[in-house]
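Engineer: What follows is data_19.csv, made up of CSV, C-alpha atoms:
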```csv
chain,number,residue,atom,x,y,z
A,1,MET,CA,0.0,0.0,0.0
A,2,ALA,CA,1.5,3.3,-1.1
A,3,LEU,CA,1.4,6.2,1.2
A,4,ASP,CA,1.2,9.8,-0.1
A,5,PRO,CA,3.9,12.0,1.2
A,6,PRO,CA,2.6,14.5,3.7
A,7,VAL,CA,1.7,17.9,2.1
A,8,PRO,CA,3.1,20.8,4.1
A,9,ILE,CA,0.4,23.1,5.3
A,10,VAL,CA,1.7,26.7,4.7
A,11,PRO,CA,-0.3,29.2,6.7
A,12,ALA,CA,-1.5,32.3,5.0
A,13,PRO,CA,0.9,35.2,5.5
A,14,ILE,CA,-1.2,37.0,8.1
A,15,TRP,CA,1.7,39.4,8.9
A,16,ARG,CA,0.9,41.2,5.7
A,17,ASN,CA,-2.2,42.5,7.4
A,18,PHE,CA,-0.1,43.8,10.2
A,19,LYS,CA,-0.8,47.5,10.6
A,20,ASP,CA,2.7,48.4,11.6
A,21,LEU,CA,4.3,46.9,8.6
A,22,GLN,CA,1.9,48.8,6.2
A,23,GLU,CA,2.8,52.0,8.0
A,24,TRP,CA,6.5,51.2,7.6
A,25,GLU,CA,6.2,50.5,3.9
A,26,GLU,CA,4.2,53.7,3.4
A,27,LEU,CA,7.0,55.6,5.1
A,28,HIS,CA,9.7,54.1,3.0
A,29,LYS,CA,7.9,54.8,-0.2
A,30,THR,CA,8.1,58.5,0.4
A,31,ARG,CA,11.7,58.6,1.7
A,32,PRO,CA,14.0,60.7,-0.5
A,33,GLU,CA,16.9,58.9,-2.0
A,34,GLY,CA,20.5,59.8,-1.6
A,35,ASP,CA,22.1,62.1,0.9
A,36,LYS,CA,25.4,60.6,0.1
A,37,HIS,CA,26.6,63.3,-2.4
A,38,SER,CA,26.2,66.9,-3.3
A,39,ALA,CA,24.2,68.1,-6.3
A,40,LEU,CA,27.1,70.2,-7.6
A,41,PHE,CA,29.5,67.3,-7.4
A,42,GLU,CA,26.9,65.0,-9.1
A,43,SER,CA,26.4,67.5,-12.0
A,44,ILE,CA,30.2,67.8,-12.6
A,45,THR,CA,30.7,64.1,-12.7
A,46,GLU,CA,27.6,63.7,-14.9
A,47,GLY,CA,29.2,66.2,-17.3
A,48,ILE,CA,32.5,64.3,-17.3
A,49,HIS,CA,30.7,61.0,-17.7
A,50,SER,CA,28.8,62.2,-20.8
A,51,PHE,CA,32.0,62.9,-22.7
A,52,PRO,CA,33.3,60.2,-25.0
A,53,GLY,CA,35.5,58.0,-22.8
A,54,GLY,CA,34.6,60.0,-19.8
A,55,PHE,CA,33.6,56.9,-17.9
A,56,VAL,CA,37.3,56.0,-17.5
A,57,VAL,CA,37.7,59.2,-15.5
A,58,THR,CA,34.6,58.7,-13.5
A,59,THR,CA,35.2,55.1,-12.7
A,60,ALA,CA,38.7,55.8,-11.6
A,61,ALA,CA,37.5,58.7,-9.5
A,62,ASP,CA,34.8,56.4,-8.1
A,63,ALA,CA,37.3,53.8,-7.1
A,64,PHE,CA,39.6,56.4,-5.5
A,65,LEU,CA,36.8,58.3,-3.7
A,66,ASN,CA,35.2,55.1,-2.4
A,67,TRP,CA,38.5,53.8,-1.2
A,68,ALA,CA,39.1,57.1,0.6
A,69,ARG,CA,35.6,57.2,2.1
A,70,LYS,CA,35.4,53.7,3.3
A,71,SER,CA,38.9,53.9,4.9
A,72,SER,CA,38.1,56.9,7.0
A,73,VAL,CA,34.6,56.5,8.4
A,74,TRP,CA,34.5,58.4,11.6
A,75,PRO,CA,31.6,57.4,13.8
A,76,VAL,CA,30.2,60.0,16.1
A,77,THR,CA,30.0,58.7,19.7
A,78,PHE,CA,26.2,58.6,20.2
A,79,GLY,CA,25.3,56.1,22.9
A,80,LEU,CA,21.7,55.9,24.0
A,81,ALA,CA,21.3,52.7,26.1
A,82,CYS,CA,23.0,49.4,26.9
A,83,CYS,CA,24.0,48.9,23.3
A,84,ALA,CA,26.4,51.8,23.8
A,85,ILE,CA,28.5,49.5,26.2
A,86,GLU,CA,29.0,47.0,23.3
A,87,MET,CA,29.8,49.9,21.0
A,88,MET,CA,32.4,51.2,23.4
A,89,ALA,CA,33.8,47.6,23.6
A,90,THR,CA,34.0,47.7,19.8
A,91,PHE,CA,35.9,51.0,19.9
A,92,ALA,CA,38.3,49.7,22.6
A,93,SER,CA,41.6,47.9,22.0
A,94,ARG,CA,40.4,44.3,21.9
A,95,PHE,CA,38.2,44.8,18.8
A,96,ASP,CA,40.0,48.0,17.7
A,97,VAL,CA,38.0,49.6,14.9
A,98,GLU,CA,40.9,52.0,14.3
A,99,ARG,CA,42.5,49.4,12.2
A,100,LEU,CA,39.6,49.9,9.8
A,101,GLY,CA,40.2,53.7,9.8
A,102,MET,CA,37.3,54.4,12.2
A,103,VAL,CA,38.1,57.0,14.8
A,104,PRO,CA,35.3,57.5,17.4
A,105,TRP,CA,34.8,61.3,17.3
A,106,ALA,CA,33.0,63.4,19.8
A,107,SER,CA,31.6,65.9,17.3
A,108,PRO,CA,29.0,65.3,14.7
A,109,ARG,CA,30.5,68.0,12.5
A,110,HIS,CA,33.6,66.0,11.8
A,111,SER,CA,31.9,62.6,11.5
A,112,ASP,CA,30.6,60.4,8.7
A,113,LEU,CA,28.8,57.7,10.5
A,114,MET,CA,26.2,57.7,13.3
A,115,ILE,CA,25.8,54.4,15.2
A,116,VAL,CA,22.4,54.6,16.8
A,117,SER,CA,23.0,52.4,19.8
A,118,GLY,CA,20.0,52.0,21.9
A,119,THR,CA,16.3,52.9,22.4
A,120,VAL,CA,15.2,56.0,20.7
A,121,THR,CA,12.3,57.6,22.6
A,122,ILE,CA,9.9,60.1,21.1
A,123,LYS,CA,11.5,62.8,23.3
A,124,MET,CA,15.0,61.9,22.1
A,125,ALA,CA,14.1,61.7,18.4
A,126,PRO,CA,14.3,65.4,17.6
A,127,MET,CA,17.7,65.6,19.2
A,128,LEU,CA,18.9,62.6,17.2
A,129,LEU,CA,17.6,64.2,14.0
A,130,ARG,CA,19.4,67.4,14.9
A,131,ILE,CA,22.7,65.7,15.5
A,132,TYR,CA,22.3,63.7,12.2
A,133,ASP,CA,21.6,67.0,10.4
A,134,GLN,CA,24.8,68.5,11.8
A,135,MET,CA,26.9,65.8,10.1
A,136,PRO,CA,28.3,66.7,6.7
A,137,ASP,CA,27.4,64.7,3.7
A,138,PRO,CA,28.2,62.0,2.7
A,139,LYS,CA,27.0,60.4,5.9
A,140,TRP,CA,25.9,57.0,6.9
A,141,ALA,CA,23.8,55.6,9.8
A,142,VAL,CA,24.0,52.2,11.4
A,143,SER,CA,21.0,51.0,13.5
A,144,MET,CA,22.4,48.9,16.3
A,145,GLY,CA,20.3,46.5,18.3
A,146,SER,CA,16.6,45.6,18.4
A,147,CYS,CA,15.4,48.8,19.9
A,148,ALA,CA,16.9,51.0,17.2
A,149,ASN,CA,15.8,48.5,14.5
A,150,SER,CA,12.2,48.2,15.4
A,151,GLY,CA,11.5,49.4,18.9
A,152,GLY,CA,12.5,46.0,20.3
A,153,PRO,CA,11.0,44.9,23.6
A,154,PHE,CA,9.5,48.4,24.0
A,155,ARG,CA,7.8,48.4,20.7
A,156,HIS,CA,4.3,48.5,22.2
A,157,GLY,CA,5.1,51.0,24.8
A,158,TYR,CA,3.9,54.5,24.7
A,159,HIS,CA,7.1,56.5,24.4
A,160,VAL,CA,9.4,54.5,22.0
A,161,VAL,CA,10.0,55.2,18.3
A,162,LYS,CA,9.2,52.0,16.4
A,163,GLY,CA,12.6,51.9,14.7
A,164,VAL,CA,15.1,54.7,14.1
A,165,ASP,CA,14.5,54.5,10.4
A,166,ARG,CA,11.3,56.5,11.0
A,167,VAL,CA,13.6,59.4,11.9
A,168,ILE,CA,16.8,59.1,9.8
A,169,PRO,CA,17.7,56.9,6.8
A,170,VAL,CA,19.6,53.8,7.9
A,171,ASP,CA,22.2,52.0,5.8
A,172,VAL,CA,23.0,48.9,7.9
A,173,TYR,CA,20.8,47.2,10.5
A,174,VAL,CA,22.7,45.2,13.2
A,175,PRO,CA,20.4,42.7,15.0
A,176,GLY,CA,20.8,41.6,18.6
A,177,CYS,CA,19.8,42.6,22.0
A,178,PRO,CA,22.4,43.9,22.5
A,179,PRO,CA,24.6,42.9,19.5
A,180,PRO,CA,28.0,41.7,20.6
A,181,PRO,CA,31.1,43.6,19.4
A,182,GLU,CA,31.7,41.0,16.7
A,183,SER,CA,28.2,41.6,15.3
A,184,LEU,CA,28.7,45.3,15.2
A,185,LEU,CA,32.1,44.9,13.6
A,186,ASN,CA,30.5,42.7,11.0
A,187,GLY,CA,27.9,45.5,10.4
A,188,LEU,CA,30.7,48.0,10.0
A,189,LEU,CA,32.5,45.8,7.5
A,190,LEU,CA,29.3,45.5,5.6
A,191,LEU,CA,28.9,49.2,5.6
A,192,GLN,CA,32.4,49.6,4.2
A,193,ASP,CA,31.5,47.1,1.5
A,194,GLN,CA,28.4,49.2,0.8
A,195,ILE,CA,30.4,52.4,0.6
A,196,ALA,CA,32.9,50.7,-1.8
A,197,HIS,CA,30.1,49.9,-4.2
A,198,PHE,CA,28.8,53.4,-4.7
A,199,ASN,CA,28.8,54.3,-8.4
A,200,LYS,CA,29.5,57.5,-10.2
A,201,THR,CA,30.7,59.3,-7.2
A,202,GLY,CA,27.7,58.9,-5.0
A,203,LYS,CA,24.8,57.3,-6.8
A,204,LYS,CA,23.6,54.0,-5.4
A,205,ALA,CA,25.1,51.0,-7.1
A,206,PRO,CA,23.2,47.9,-8.3
A,207,PRO,CA,22.3,45.6,-5.4
A,208,ASN,CA,25.3,44.2,-3.6
A,209,PRO,CA,24.6,40.5,-2.7
A,210,LYS,CA,26.8,40.8,0.4
A,211,VAL,CA,24.8,43.7,1.8
A,212,ASP,CA,21.4,44.0,0.2
B,1,MET,CA,7.5,55.3,68.1
B,2,THR,CA,7.3,51.5,67.6
B,3,ALA,CA,5.0,49.8,65.1
B,4,GLU,CA,2.3,49.0,67.7
B,5,GLU,CA,2.3,52.6,69.0
B,6,THR,CA,2.1,53.8,65.4
B,7,ARG,CA,-0.9,51.5,64.7
B,8,ALA,CA,-2.7,52.6,67.9
B,9,ALA,CA,-2.1,56.3,67.2
B,10,LEU,CA,-3.4,56.0,63.7
B,11,ALA,CA,-6.5,54.1,64.7
B,12,SER,CA,-7.4,56.5,67.5
B,13,THR,CA,-6.7,59.7,65.5
B,14,PHE,CA,-8.3,58.7,62.1
B,15,GLY,CA,-10.7,56.0,63.2
B,16,VAL,CA,-9.8,53.7,60.3
B,17,GLU,CA,-8.6,50.2,60.2
B,18,VAL,CA,-4.8,49.8,59.9
B,19,THR,CA,-3.7,46.7,58.0
B,20,SER,CA,-0.4,45.3,58.9
B,21,ALA,CA,0.4,42.7,56.2
B,22,PRO,CA,2.4,42.8,54.0
B,23,VAL,CA,3.1,46.4,55.0
B,24,MET,CA,1.4,48.6,57.5
B,25,SER,CA,-1.1,50.6,55.5
B,26,VAL,CA,-3.9,53.1,56.2
B,27,THR,CA,-6.6,54.3,53.9
B,28,VAL,CA,-8.3,57.7,54.5
B,29,SER,CA,-10.7,59.8,52.6
B,30,PRO,CA,-9.2,62.4,50.2
B,31,ASP,CA,-10.1,65.4,52.4
B,32,ARG,CA,-8.0,64.1,55.3
B,33,TRP,CA,-5.0,63.3,53.0
B,34,GLU,CA,-2.8,66.2,53.9
B,35,GLU,CA,-3.7,65.9,57.6
B,36,LEU,CA,-2.6,62.3,57.4
B,37,GLY,CA,0.7,63.3,55.9
B,38,ARG,CA,1.3,65.9,58.5
B,39,PHE,CA,0.4,63.5,61.3
B,40,ALA,CA,2.7,60.8,59.9
B,41,LYS,CA,5.6,63.3,59.7
B,42,GLU,CA,5.2,65.2,62.9
B,43,THR,CA,3.6,62.8,65.4
B,44,LEU,CA,4.6,59.4,64.1
B,45,GLY,CA,8.1,60.5,63.1
B,46,CYS,CA,7.9,59.1,59.6
B,47,ARG,CA,10.3,61.8,58.3
B,48,PHE,CA,11.5,60.0,55.2
B,49,PHE,CA,9.3,60.3,52.1
B,50,SER,CA,9.9,57.1,50.1
B,51,PHE,CA,7.6,57.4,47.1
B,52,LEU,CA,4.3,58.5,45.8
B,53,SER,CA,2.3,56.9,43.0
B,54,ALA,CA,-1.2,56.1,41.9
B,55,VAL,CA,-3.3,53.1,40.8
B,56,ASP,CA,-6.0,53.3,38.2
B,57,TRP,CA,-8.9,51.1,39.3
B,58,LYS,CA,-10.8,51.9,36.1
B,59,GLU,CA,-14.5,52.8,36.9
B,60,GLN,CA,-13.8,52.9,40.6
B,61,GLY,CA,-11.4,55.8,40.1
B,62,LEU,CA,-7.9,56.5,41.0
B,63,GLU,CA,-6.0,55.7,44.2
B,64,VAL,CA,-3.0,57.7,45.4
B,65,VAL,CA,-0.4,55.7,47.3
B,66,ALA,CA,2.5,57.1,49.3
B,67,LYS,CA,5.1,55.4,51.4
B,68,VAL,CA,6.8,57.1,54.3
B,69,ASP,CA,9.4,55.7,56.7
B,70,ASN,CA,10.4,56.2,60.2
B,71,LEU,CA,14.1,55.4,59.9
B,72,ASP,CA,14.8,55.8,63.6
B,73,ASP,CA,12.5,53.1,64.7
B,74,ASN,CA,12.4,51.0,61.5
B,75,VAL,CA,8.7,51.6,60.8
B,76,SER,CA,7.4,52.0,57.3
B,77,LEU,CA,3.9,53.2,56.6
B,78,LEU,CA,1.8,53.1,53.4
B,79,LEU,CA,-0.7,55.9,53.0
B,80,LYS,CA,-3.6,55.4,50.6
B,81,THR,CA,-6.6,57.4,49.5
B,82,ARG,CA,-9.3,56.6,47.0
B,83,LEU,CA,-10.2,59.7,44.9
B,84,GLY,CA,-13.5,58.2,43.7
B,85,PRO,CA,-14.8,57.8,40.1
B,86,GLY,CA,-14.0,60.6,37.8
B,87,VAL,CA,-12.1,62.7,40.4
B,88,THR,CA,-8.7,63.9,39.3
B,89,THR,CA,-7.9,66.3,42.1
B,90,CYS,CA,-6.1,65.5,45.3
B,91,SER,CA,-4.5,67.7,48.0
B,92,SER,CA,-0.7,67.9,47.8
B,93,LEU,CA,1.8,66.5,50.3
B,94,THR,CA,4.5,68.9,49.1
B,95,PRO,CA,3.8,71.5,51.9
B,96,VAL,CA,4.6,68.6,54.3
B,97,TYR,CA,7.3,66.6,52.6
B,98,ARG,CA,9.6,68.5,50.1
B,99,GLY,CA,10.4,65.1,48.6
B,100,ALA,CA,6.9,64.8,47.3
B,101,ASP,CA,7.4,67.5,44.8
B,102,TRP,CA,8.8,65.6,41.9
B,103,MET,CA,6.8,62.5,42.8
B,104,GLU,CA,3.6,64.4,42.4
B,105,ARG,CA,4.8,65.9,39.2
B,106,GLU,CA,5.5,62.4,37.9
B,107,CYS,CA,2.1,61.3,39.1
B,108,PHE,CA,0.5,64.2,37.3
B,109,ASP,CA,2.5,63.4,34.2
B,110,MET,CA,1.4,59.7,34.1
B,111,PHE,CA,-2.0,59.8,35.7
B,112,GLY,CA,-3.2,63.4,35.2
B,113,ILE,CA,-3.9,63.9,38.9
B,114,ARG,CA,-4.0,67.6,39.8
B,115,PHE,CA,-2.4,68.1,43.2
B,116,GLU,CA,-3.8,71.2,44.8
B,117,ASN,CA,-1.3,73.6,46.5
B,118,HIS,CA,1.6,72.0,44.6
B,119,PRO,CA,4.0,74.9,43.9
B,120,ASP,CA,5.0,73.9,40.4
B,121,LEU,CA,2.8,71.3,38.8
B,122,ARG,CA,4.3,70.6,35.3
B,123,ARG,CA,5.1,67.5,33.3
B,124,ILE,CA,8.4,66.1,34.4
B,125,LEU,CA,9.2,63.2,32.1
B,126,LEU,CA,7.2,63.6,28.9
B,127,GLU,CA,7.4,66.8,26.8
B,128,ASP,CA,5.0,69.6,27.4
B,129,THR,CA,3.2,69.0,24.1
B,130,TRP,CA,2.3,65.4,25.0
B,131,GLU,CA,-1.4,64.6,24.8
B,132,GLY,CA,-2.9,62.3,27.4
B,133,HIS,CA,-1.6,60.6,30.5
B,134,PRO,CA,-0.1,57.3,29.4
B,135,LEU,CA,-0.4,55.2,32.6
B,136,LEU,CA,-4.2,55.6,32.7
B,137,LYS,CA,-6.0,52.4,31.7
B,138,SER,CA,-8.0,54.5,29.2
B,139,TYR,CA,-4.9,55.7,27.4
B,140,ALA,CA,-4.7,54.2,23.9
B,141,VAL,CA,-1.1,53.1,23.2
B,142,ASP,CA,-2.0,52.7,19.5
B,143,THR,CA,-2.8,56.4,19.1
B,144,PRO,CA,-0.9,57.6,16.1
B,145,HIS,CA,2.0,59.9,16.9
B,146,PRO,CA,3.4,60.6,13.5
B,147,PRO,CA,6.1,59.9,12.4
B,148,TYR,CA,7.3,58.1,15.4
B,149,ARG,CA,4.3,55.9,16.2
```
How would this structure read if it were set down as structure tokens?
Structural biologist:
Amino acid sequence: MALDPPVPIVPAPIWRNFKDLQEWEELHKTRPEGDKHSALFESITEGIHSFPGGFVVTTAADAFLNWARKSSVWPVTFGLACCAIEMMATFASRFDVERLGMVPWASPRHSDLMIVSGTVTIKMAPMLLRIYDQMPDPKWAVSMGSCANSGGPFRHGYHVVKGVDRVIPVDVYVPGCPPPPESLLNGLLLLQDQIAHFNKTGKKAPPNPKVD
Amino acid sequence: MTAEETRAALASTFGVEVTSAPVMSVTVSPDRWEELGRFAKETLGCRFFSFLSAVDWKEQGLEVVAKVDNLDDNVSLLLKTRLGPGVTTCSSLTPVYRGADWMERECFDMFGIRFENHPDLRRILLEDTWEGHPLLKSYAVDTPHPPYR
């Protein structure tokens, strides 16, 4: 007697009806693209690129600029909660991000990267946005930990922003609660890889399988 | 003043039942709230103001809870008062205990209780533009707060 193999019962994707997810998708549809370059610089490089053979210049400039950018990403020291302890451990000598060219800097005006390490409350979000706005372009943001990614364990509380990507654009999300230094280091390496793949001096490259 | 003397003094002055487990607590009507605080501090020697908070019993109204300690004789006392349904005003303990100042501001912030005679009743934790009092049972956490919630 032959037995039919069991048919897996796949439940309907009820999470698609989840209200939070719809809100999140709405928000990301309206997000402006690209704060990684200046309009003037883009117009100049577009001009060079349109010349015959100009792509040689722009791709060489791309390679050089991306190498320079990814080798000197200075994170602003912006610790919000317990994730900041792991961030400090990453900055310290055992994990030593300075070998990647990252210098933890205490001023947003000299920094390229903001590591949002911890819970962002509704009261803190305007200050976070203000610090982010003080950083010069091109700038990047790493969301570190469950709280900054999605609100984490406080998601259904009354005072927590449900993910820092509702306030600033985020390039790399590091999961964990809190993420260990190895995890953050992996996130920073992914960020460097993402920076190295920017095209035409600032425009976003085709999807990078390692990051996207 | 020992625990037994404290209990006897409270029962004779306020004429209410003093429960002793798990902690000595006394419930009075809201109009005797400040009098109870003054009695606890000056007569019973409970000079340390530990905390003040509130409980939302939904349709039965709010209950204000404060804990004061007599550190000399190792006696702690829980003061309670039921405000009644729909009542959001309560007399303040700040004229008696200076430590009640920020506790009552926090209680106002979270529960919306107006403490009369409080010198500076503002929000303490949430921003001034916040709408509602989040620890009330009637507060809707799902209320949109764009773009953050």
Engineer: Considering only C-alpha atoms, state which residue in the set A:Val167, A:Cys177, A:Leu188, A:Val172 is at the smallest distance from chain B.
Structural biologist: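 Nearest to chain B: A:Val167.
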Engineer: Please determine, counting all atoms listed in the file, which residue among B:Glu116, B:Asp56, B:Glu17, B:Asp31 has the shortest atom-to-atom distance to B:Asp101.
Structural biologist: B:Glu116
Engineer: Can you build me a table of chain B residues sitting at most 10 Å from chain A, with the closest atom pair per residue and its distance in Å to one decimal, using all atoms listed in the file, sorted by chain and residue number, as CSV?
Structural biologist:
```
residue,atom,partner,partner_atom,distance
B:Leu125,CA,A:Lys123,CA,9.1
B:Leu126,CA,A:Lys123,CA,7.1
B:Glu127,CA,A:Lys123,CA,6.7
B:Trp130,CA,A:Lys123,CA,9.7
B:Pro134,CA,A:Tyr158,CA,6.8
B:Leu135,CA,A:Tyr158,CA,9.0
B:Tyr139,CA,A:Tyr158,CA,9.3
B:Ala140,CA,A:Tyr158,CA,8.6
B:Val141,CA,A:Tyr158,CA,5.4
B:Asp142,CA,A:His156,CA,8.0
B:Thr143,CA,A:Tyr158,CA,8.9
B:His145,CA,A:Ile122,CA,8.9
B:Pro146,CA,A:Arg166,CA,9.2
B:Pro147,CA,A:Arg166,CA,6.4
B:Tyr148,CA,A:Val161,CA,4.9
B:Arg149,CA,A:Val161,CA,6.1
```
Engineer: Nearest to B:Leu136: which of B:Arg105, B:Arg123, B:Arg47, B:Lys58 is it, counting only C-alpha atoms?
Structural biologist: B:Lys58
Engineer: For each of A:Gly176, A:Pro136, A:Pro169, A:Pro104, take the minimum atom-to-atom distance to A:Ala89, counting all atoms listed in the file, then give the residue where this is smallest.
Structural biologist: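 The shortest atom-to-atom distance to A:Ala89 comes from A:Pro104.
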Engineer: Can you tell me, as a list of chain:residue names, what residues are no more than 12 Å from A:Val97 when counting all atoms listed in the file, ignoring any on the same chain fewer than 5 positions away?
Structural biologist: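 Close residues of A:Val97: A:Ser71, A:Ser72, A:Val73, A:Trp74, A:Pro75, A:Met87, A:Met88, A:Ala89, A:Thr90, A:Phe91, A:Ala92, A:Met102, A:Val103, A:Pro104, A:Pro181, A:Glu182, A:Leu184, A:Leu185, A:Asn186, A:Gly187, A:Leu188, A:Leu189.
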Engineer: May I have the residues from that selection written out with C-alpha atoms, as a compact mmCIF listing (two decimals), in the frame of the given file?
Structural biologist:
```txt
# COMPACT_ATOMS: atom_id res chain seq x y z
CA SER A 71 38.90 53.90 4.90
CA SER A 72 38.10 56.90 7.00
CA VAL A 73 34.60 56.50 8.40
CA TRP A 74 34.50 58.40 11.60
CA PRO A 75 31.60 57.40 13.80
CA MET A 87 29.80 49.90 21.00
CA MET A 88 32.40 51.20 23.40
CA ALA A 89 33.80 47.60 23.60
CA THR A 90 34.00 47.70 19.80
CA PHE A 91 35.90 51.00 19.90
CA ALA A 92 38.30 49.70 22.60
CA MET A 102 37.30 54.40 12.20
CA VAL A 103 38.10 57.00 14.80
CA PRO A 104 35.30 57.50 17.40
CA PRO A 181 31.10 43.60 19.40
CA GLU A 182 31.70 41.00 16.70
CA LEU A 184 28.70 45.30 15.20
CA LEU A 185 32.10 44.90 13.60
CA ASN A 186 30.50 42.70 11.00
CA GLY A 187 27.90 45.50 10.40
CA LEU A 188 30.70 48.00 10.00
CA LEU A 189 32.50 45.80 7.50
```
Engineer: Please rebuild stretch 119-133 of chain B with N, CA, C and O atoms and return the result as a PDB file, in the frame of the given file.
Structural biologist:
```pdb
ATOM      1  N   PRO B 119       3.462  73.610  44.331  1.00  0.00           N
ATOM      2  CA  PRO B 119       4.000  74.900  43.900  1.00  0.00           C
ATOM      3  C   PRO B 119       4.314  74.949  42.377  1.00  0.00           C
ATOM      4  O   PRO B 119       4.321  76.035  41.811  1.00  0.00           O
ATOM      5  N   ASP B 120       4.559  73.812  41.739  1.00  0.00           N
ATOM      6  CA  ASP B 120       5.000  73.900  40.400  1.00  0.00           C
ATOM      7  C   ASP B 120       4.603  72.606  39.632  1.00  0.00           C
ATOM      8  O   ASP B 120       5.393  71.730  39.342  1.00  0.00           O
ATOM      9  N   LEU B 121       3.309  72.510  39.341  1.00  0.00           N
ATOM     10  CA  LEU B 121       2.800  71.300  38.800  1.00  0.00           C
ATOM     11  C   LEU B 121       2.908  71.291  37.258  1.00  0.00           C
ATOM     12  O   LEU B 121       2.042  71.817  36.563  1.00  0.00           O
ATOM     13  N   ARG B 122       4.041  70.761  36.763  1.00  0.00           N
ATOM     14  CA  ARG B 122       4.300  70.600  35.300  1.00  0.00           C
ATOM     15  C   ARG B 122       4.556  69.176  35.026  1.00  0.00           C
ATOM     16  O   ARG B 122       4.786  68.377  35.922  1.00  0.00           O
ATOM     17  N   ARG B 123       4.591  68.839  33.728  1.00  0.00           N
ATOM     18  CA  ARG B 123       5.100  67.500  33.300  1.00  0.00           C
ATOM     19  C   ARG B 123       6.548  67.412  33.663  1.00  0.00           C
ATOM     20  O   ARG B 123       7.294  68.385  33.534  1.00  0.00           O
ATOM     21  N   ILE B 124       6.980  66.195  34.059  1.00  0.00           N
ATOM     22  CA  ILE B 124       8.400  66.100  34.400  1.00  0.00           C
ATOM     23  C   ILE B 124       9.142  65.151  33.492  1.00  0.00           C
ATOM     24  O   ILE B 124      10.315  65.370  33.232  1.00  0.00           O
ATOM     25  N   LEU B 125       8.505  64.121  32.945  1.00  0.00           N
ATOM     26  CA  LEU B 125       9.200  63.200  32.100  1.00  0.00           C
ATOM     27  C   LEU B 125       8.867  63.373  30.616  1.00  0.00           C
ATOM     28  O   LEU B 125       9.748  63.442  29.770  1.00  0.00           O
ATOM     29  N   LEU B 126       7.601  63.469  30.304  1.00  0.00           N
ATOM     30  CA  LEU B 126       7.200  63.600  28.900  1.00  0.00           C
ATOM     31  C   LEU B 126       7.304  65.115  28.532  1.00  0.00           C
ATOM     32  O   LEU B 126       7.340  65.993  29.401  1.00  0.00           O
ATOM     33  N   GLU B 127       7.326  65.365  27.226  1.00  0.00           N
ATOM     34  CA  GLU B 127       7.400  66.800  26.800  1.00  0.00           C
ATOM     35  C   GLU B 127       6.130  67.479  27.031  1.00  0.00           C
ATOM     36  O   GLU B 127       5.076  66.865  27.181  1.00  0.00           O
ATOM     37  N   ASP B 128       6.196  68.815  27.028  1.00  0.00           N
ATOM     38  CA  ASP B 128       5.000  69.600  27.400  1.00  0.00           C
ATOM     39  C   ASP B 128       3.903  69.472  26.371  1.00  0.00           C
ATOM     40  O   ASP B 128       2.740  69.730  26.676  1.00  0.00           O
ATOM     41  N   THR B 129       4.244  69.093  25.134  1.00  0.00           N
ATOM     42  CA  THR B 129       3.200  69.000  24.100  1.00  0.00           C
ATOM     43  C   THR B 129       2.523  67.658  24.069  1.00  0.00           C
ATOM     44  O   THR B 129       1.703  67.425  23.199  1.00  0.00           O
ATOM     45  N   TRP B 130       2.897  66.766  24.983  1.00  0.00           N
ATOM     46  CA  TRP B 130       2.300  65.400  25.000  1.00  0.00           C
ATOM     47  C   TRP B 130       0.812  65.499  25.299  1.00  0.00           C
ATOM     48  O   TRP B 130       0.377  66.248  26.160  1.00  0.00           O
ATOM     49  N   GLU B 131       0.046  64.692  24.585  1.00  0.00           N
ATOM     50  CA  GLU B 131      -1.400  64.600  24.800  1.00  0.00           C
ATOM     51  C   GLU B 131      -1.728  63.370  25.597  1.00  0.00           C
ATOM     52  O   GLU B 131      -1.309  62.285  25.211  1.00  0.00           O
ATOM     53  N   GLY B 132      -2.480  63.512  26.649  1.00  0.00           N
ATOM     54  CA  GLY B 132      -2.900  62.300  27.400  1.00  0.00           C
ATOM     55  C   GLY B 132      -1.954  62.006  28.535  1.00  0.00           C
ATOM     56  O   GLY B 132      -0.885  62.594  28.683  1.00  0.00           O
ATOM     57  N   HIS B 133      -2.368  61.025  29.330  1.00  0.00           N
ATOM     58  CA  HIS B 133      -1.600  60.600  30.500  1.00  0.00           C
ATOM     59  C   HIS B 133      -1.406  59.084  30.341  1.00  0.00           C
ATOM     60  O   HIS B 133      -2.352  58.315  30.550  1.00  0.00           O
TER      61      HIS B 133
END
```
